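What follows is final13.cif (mmCIF, C-alpha atoms).
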```cif
data_work
loop_
_atom_site.label_atom_id
_atom_site.label_comp_id
_atom_site.auth_asym_id
_atom_site.auth_seq_id
_atom_site.Cartn_x
_atom_site.Cartn_y
_atom_site.Cartn_z
CA MET A 17 151.61 198.95 152.11
CA SER A 18 150.13 198.74 148.66
CA ALA A 19 148.62 195.60 147.20
CA THR A 20 147.49 194.86 143.69
CA ILE A 21 145.14 192.11 142.64
CA GLU A 22 145.38 191.13 139.02
CA ARG A 23 142.25 189.89 137.28
CA ARG A 24 142.44 188.67 133.72
CA PHE A 25 139.41 189.08 131.54
CA HIS A 26 138.85 186.88 128.54
CA PRO A 27 137.58 188.45 125.36
CA GLY A 28 134.09 187.43 124.48
CA THR A 29 130.72 188.83 123.79
CA ALA A 30 128.46 190.68 126.15
CA ARG A 31 125.61 188.41 125.14
CA GLY A 32 126.99 185.23 126.73
CA ARG A 33 127.96 181.92 125.23
CA GLY A 34 127.72 181.77 121.50
CA GLY A 35 125.26 184.64 121.32
CA GLY A 36 127.62 187.28 119.99
CA SER A 37 127.57 189.08 116.72
CA ARG A 38 128.19 187.07 113.61
CA ARG A 39 131.59 187.66 112.10
CA THR A 40 132.64 187.05 108.57
CA LEU A 41 135.98 185.64 107.54
CA ALA A 42 136.95 189.00 106.07
CA SER A 43 136.39 190.84 109.36
CA THR A 44 138.00 188.23 111.61
CA PRO A 45 141.77 188.51 111.85
CA ALA A 46 143.77 185.32 111.56
CA PRO A 47 144.75 183.91 114.95
CA VAL A 48 148.34 184.54 115.94
CA PRO A 49 150.09 181.26 116.68
CA GLY A 50 151.47 181.15 120.20
CA PRO A 51 153.99 178.91 121.87
CA GLU A 52 152.63 175.43 122.26
CA ARG A 53 151.98 174.54 125.88
CA LEU A 54 152.50 171.02 127.02
CA SER A 55 150.49 169.49 129.84
CA ASP A 56 153.70 169.06 131.88
CA ASP A 57 154.57 172.76 131.52
CA PRO A 58 155.31 173.94 135.08
CA ASP A 59 153.84 177.39 134.35
CA ARG A 60 150.36 176.02 133.65
CA VAL A 61 147.98 176.23 136.58
CA HIS A 62 144.40 175.00 136.79
CA PRO A 63 141.97 177.96 136.73
CA LEU A 64 140.37 176.79 139.98
CA ALA A 65 143.78 176.63 141.69
CA ARG A 66 144.42 180.19 140.54
CA ARG A 67 140.99 181.24 141.82
CA MET A 68 141.58 179.51 145.17
CA ALA A 69 144.90 181.32 145.56
CA MET A 70 143.14 184.58 144.71
CA ALA A 71 140.49 183.92 147.40
CA ILE A 72 143.17 183.23 150.00
CA ARG A 73 145.11 186.37 149.02
CA CYS A 74 141.98 188.54 149.08
CA GLN A 75 141.12 187.27 152.56
CA GLN A 76 144.67 188.08 153.70
CA LEU A 77 144.27 191.63 152.36
CA ILE A 78 141.00 192.05 154.27
CA ASP A 79 142.42 190.54 157.47
CA SER A 80 145.52 192.76 157.37
CA GLY A 81 143.44 195.91 156.82
CA VAL A 82 144.92 196.74 153.42
CA VAL A 83 141.41 196.44 151.96
CA ALA A 84 138.35 197.40 153.98
CA ASP A 85 135.95 194.69 152.81
CA GLN A 86 134.83 192.51 149.92
CA ALA A 87 133.08 195.42 148.24
CA SER A 88 136.43 197.23 148.03
CA LEU A 89 137.90 194.23 146.23
CA ALA A 90 135.29 194.45 143.50
CA ALA A 91 137.10 197.11 141.44
CA GLY A 92 137.01 195.73 137.90
CA MET A 93 134.81 192.80 138.93
CA THR A 94 131.20 192.47 139.93
CA ARG A 95 130.39 192.05 143.59
CA ALA A 96 128.71 188.77 142.74
CA TRP A 97 131.95 187.40 141.25
CA VAL A 98 133.93 188.52 144.31
CA THR A 99 131.38 186.68 146.46
CA VAL A 100 131.80 183.49 144.41
CA VAL A 101 135.59 183.71 144.69
CA MET A 102 135.56 184.52 148.40
CA ARG A 103 133.16 181.64 149.08
CA LEU A 104 136.06 179.29 148.28
CA ASN A 105 137.54 180.30 151.66
CA LEU A 106 134.61 178.47 153.28
CA LEU A 107 135.69 175.10 151.87
CA ALA A 108 137.18 172.49 154.17
CA PRO A 109 140.98 172.92 154.41
CA ASP A 110 141.71 169.55 152.79
CA ILE A 111 139.51 170.45 149.80
CA GLN A 112 141.30 173.79 149.48
CA GLU A 113 144.62 171.95 149.48
CA GLU A 114 143.42 169.55 146.77
CA ILE A 115 142.32 172.49 144.64
CA LEU A 116 145.66 174.25 145.03
CA GLU A 117 147.47 171.06 143.97
CA MET A 118 145.27 170.39 140.92
CA GLY A 119 147.08 169.75 137.68
CA PRO A 120 146.30 171.99 134.72
CA ASP A 121 144.23 169.31 133.01
CA SER A 122 142.18 168.22 136.03
CA PRO A 123 138.48 167.89 135.20
CA ALA A 124 136.86 170.29 137.65
CA ASP A 125 134.52 173.16 137.00
CA HIS A 126 133.72 176.22 139.08
CA ARG A 127 129.95 175.65 139.13
CA ALA A 128 130.28 172.25 140.79
CA LEU A 129 132.84 173.65 143.22
CA ASP A 130 130.57 176.58 144.07
CA ARG A 131 127.77 174.13 144.91
CA VAL A 132 130.16 172.32 147.28
CA ALA A 133 131.26 175.62 148.87
CA ARG A 134 127.64 176.55 149.62
CA VAL A 135 127.30 173.56 151.96
CA ALA A 136 127.83 174.71 155.56
CA SER A 137 129.25 171.51 157.07
CA TRP A 138 132.82 170.52 156.21
CA ARG A 139 131.81 166.87 156.58
CA LYS A 140 129.03 167.31 154.02
CA GLN A 141 131.38 169.29 151.77
CA ARG A 142 133.82 166.38 151.78
CA VAL A 143 131.05 163.95 150.86
CA ALA A 144 129.88 166.22 148.01
CA TRP A 145 133.46 166.74 146.80
CA ARG A 146 134.23 163.00 146.77
CA SER A 147 130.96 162.15 145.02
CA ARG A 148 131.68 164.76 142.35
CA LYS A 149 135.14 163.30 141.81
CA ASP A 150 133.80 159.73 141.77
CA ALA A 151 131.05 160.65 139.31
CA HIS A 152 133.58 162.18 136.95
CA ALA A 153 135.91 159.18 137.23
CA SER A 154 133.08 156.80 136.36
CA HIS A 155 132.11 158.86 133.30
CA GLN A 156 135.73 159.22 132.24
CA TYR A 157 136.36 155.49 132.20
CA GLY A 158 133.04 154.51 130.73
CA SER A 159 131.60 152.68 133.72
CA ARG A 160 128.19 153.58 135.07
CA PRO A 161 127.35 153.97 138.73
CA GLN A 162 125.36 151.02 140.07
#
```
Encoded form (structure tokens):
Amino acid sequence: MSATIERRFHPGTARGRGGGSRRTLASTPAPVPGPERLSDDPDRVHPLARRMAMAIRCQQLIDSGVVADQASLAAGMTRAWVTVVMRLNLLAPDIQEEILEMGPDSPADHRALDRVARVASWRKQRVAWRSRKDAHASHQYGSRPQ
């Protein structure tokens, strides 16, 4: 049985956010217009939902013996990134389900989710997850927490 894990890399600079080489207009090719994606496009998936699905699939590959361990999964990725992705398997099942059902425009970021996944207790994870969602809702609608 052969299994392939696809990892998409986004072009950027090796120096991190905004720290790349300066480009001039003459050296930068014009962007190629792509098909416009609507928020109700069924093919759009939230990046965290994609990452959660990847974590579940990677764990299945390890459990079935197709891949020996997490280190074997790291081909093309750093071991640290594989650890971050695999840590999502430690989330409470209901949080995992919410992540998998996220819409493409849901306001969630991987850093906040990683902080939740580092909490050992599912009960405490749920509290942290709800407070993160509540904090975002209050900022989104302009109200301040009391």
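Straight-line separation from CA of His62 in chain A to CA of Pro123 in chain A: 9.4 Å.
Of note, CA of Ser80 in chain A and CA of Leu106 in chain A are spaced 18.4 Å apart.
Using only C-alpha atoms, the nearest neighbour of Ala124 in chain A within the list A:Ala151, A:Ala108, A:Ala136, A:Ile78 is A:Ala151.
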Residues in the PyMOL selection byres ((chain A and resi 64) around 12), expressed as a PDB file with C-alpha atoms, keeping the file's coordinate frame:
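Written out: out-v7.pdb:
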```
ATOM      1  CA  ARG A  60     150.360 176.020 133.650  1.00  0.00           C
ATOM      2  CA  VAL A  61     147.980 176.230 136.580  1.00  0.00           C
ATOM      3  CA  HIS A  62     144.400 175.000 136.790  1.00  0.00           C
ATOM      4  CA  PRO A  63     141.970 177.960 136.730  1.00  0.00           C
ATOM      5  CA  ALA A  65     143.780 176.630 141.690  1.00  0.00           C
ATOM      6  CA  ARG A  66     144.420 180.190 140.540  1.00  0.00           C
ATOM      7  CA  ARG A  67     140.990 181.240 141.820  1.00  0.00           C
ATOM      8  CA  MET A  68     141.580 179.510 145.170  1.00  0.00           C
ATOM      9  CA  ALA A  69     144.900 181.320 145.560  1.00  0.00           C
ATOM     10  CA  MET A  70     143.140 184.580 144.710  1.00  0.00           C
ATOM     11  CA  ALA A  71     140.490 183.920 147.400  1.00  0.00           C
ATOM     12  CA  VAL A 100     131.800 183.490 144.410  1.00  0.00           C
ATOM     13  CA  VAL A 101     135.590 183.710 144.690  1.00  0.00           C
ATOM     14  CA  LEU A 104     136.060 179.290 148.280  1.00  0.00           C
ATOM     15  CA  ILE A 111     139.510 170.450 149.800  1.00  0.00           C
ATOM     16  CA  GLN A 112     141.300 173.790 149.480  1.00  0.00           C
ATOM     17  CA  GLU A 113     144.620 171.950 149.480  1.00  0.00           C
ATOM     18  CA  GLU A 114     143.420 169.550 146.770  1.00  0.00           C
ATOM     19  CA  ILE A 115     142.320 172.490 144.640  1.00  0.00           C
ATOM     20  CA  LEU A 116     145.660 174.250 145.030  1.00  0.00           C
ATOM     21  CA  GLU A 117     147.470 171.060 143.970  1.00  0.00           C
ATOM     22  CA  MET A 118     145.270 170.390 140.920  1.00  0.00           C
ATOM     23  CA  GLY A 119     147.080 169.750 137.680  1.00  0.00           C
ATOM     24  CA  PRO A 120     146.300 171.990 134.720  1.00  0.00           C
ATOM     25  CA  ASP A 121     144.230 169.310 133.010  1.00  0.00           C
ATOM     26  CA  SER A 122     142.180 168.220 136.030  1.00  0.00           C
ATOM     27  CA  PRO A 123     138.480 167.890 135.200  1.00  0.00           C
ATOM     28  CA  ALA A 124     136.860 170.290 137.650  1.00  0.00           C
ATOM     29  CA  ASP A 125     134.520 173.160 137.000  1.00  0.00           C
ATOM     30  CA  HIS A 126     133.720 176.220 139.080  1.00  0.00           C
ATOM     31  CA  ARG A 127     129.950 175.650 139.130  1.00  0.00           C
ATOM     32  CA  ALA A 128     130.280 172.250 140.790  1.00  0.00           C
ATOM     33  CA  LEU A 129     132.840 173.650 143.220  1.00  0.00           C
ATOM     34  CA  ASP A 130     130.570 176.580 144.070  1.00  0.00           C
TER      35      ASP A 130
END
```
Range 131-142 of chain A: axis-aligned bounding box, 3 Å on each side, centre and edge lengths in Å, one decimal, as lines of an AutoDock Vina configuration file:
```
center_x = 130.6
center_y = 171.5
center_z = 151.0
size_x = 12.5
size_y = 16.2
size_z = 18.2
```
Care to translate the PyMOL selection byres ((chain A and resi 87) around 12) into actual residues of this file, as a JSON list (two decimals) with C-alpha atoms, in the frame of the given file?
```
[["chain", "number", "residue", "atom", "x", "y", "z"],
["A", 74, "CYS", "CA", 141.98, 188.54, 149.08],
["A", 78, "ILE", "CA", 141.00, 192.05, 154.27],
["A", 83, "VAL", "CA", 141.41, 196.44, 151.96],
["A", 84, "ALA", "CA", 138.35, 197.40, 153.98],
["A", 85, "ASP", "CA", 135.95, 194.69, 152.81],
["A", 86, "GLN", "CA", 134.83, 192.51, 149.92],
["A", 88, "SER", "CA", 136.43, 197.23, 148.03],
["A", 89, "LEU", "CA", 137.90, 194.23, 146.23],
["A", 90, "ALA", "CA", 135.29, 194.45, 143.50],
["A", 91, "ALA", "CA", 137.10, 197.11, 141.44],
["A", 92, "GLY", "CA", 137.01, 195.73, 137.90],
["A", 93, "MET", "CA", 134.81, 192.80, 138.93],
["A", 94, "THR", "CA", 131.20, 192.47, 139.93],
["A", 95, "ARG", "CA", 130.39, 192.05, 143.59],
["A", 96, "ALA", "CA", 128.71, 188.77, 142.74],
["A", 97, "TRP", "CA", 131.95, 187.40, 141.25],
["A", 98, "VAL", "CA", 133.93, 188.52, 144.31],
["A", 99, "THR", "CA", 131.38, 186.68, 146.46],
["A", 102, "MET", "CA", 135.56, 184.52, 148.40]]
```
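Counting from CA of Ala133 in chain A, the distance to CA of Val82 in chain A is 25.6 Å.
Residues matched by the PyMOL selection byres ((chain A and resi 140-145) around 9) in this structure: Leu107, Ala108, Asp110, Ile111, Ala128, Leu129, Arg131, Val132, Ala133, Arg134, Val135, Ala136, Ser137, Trp138, Arg139, Arg146, Ser147, Arg148, Lys149 and Asp150 of chain A.
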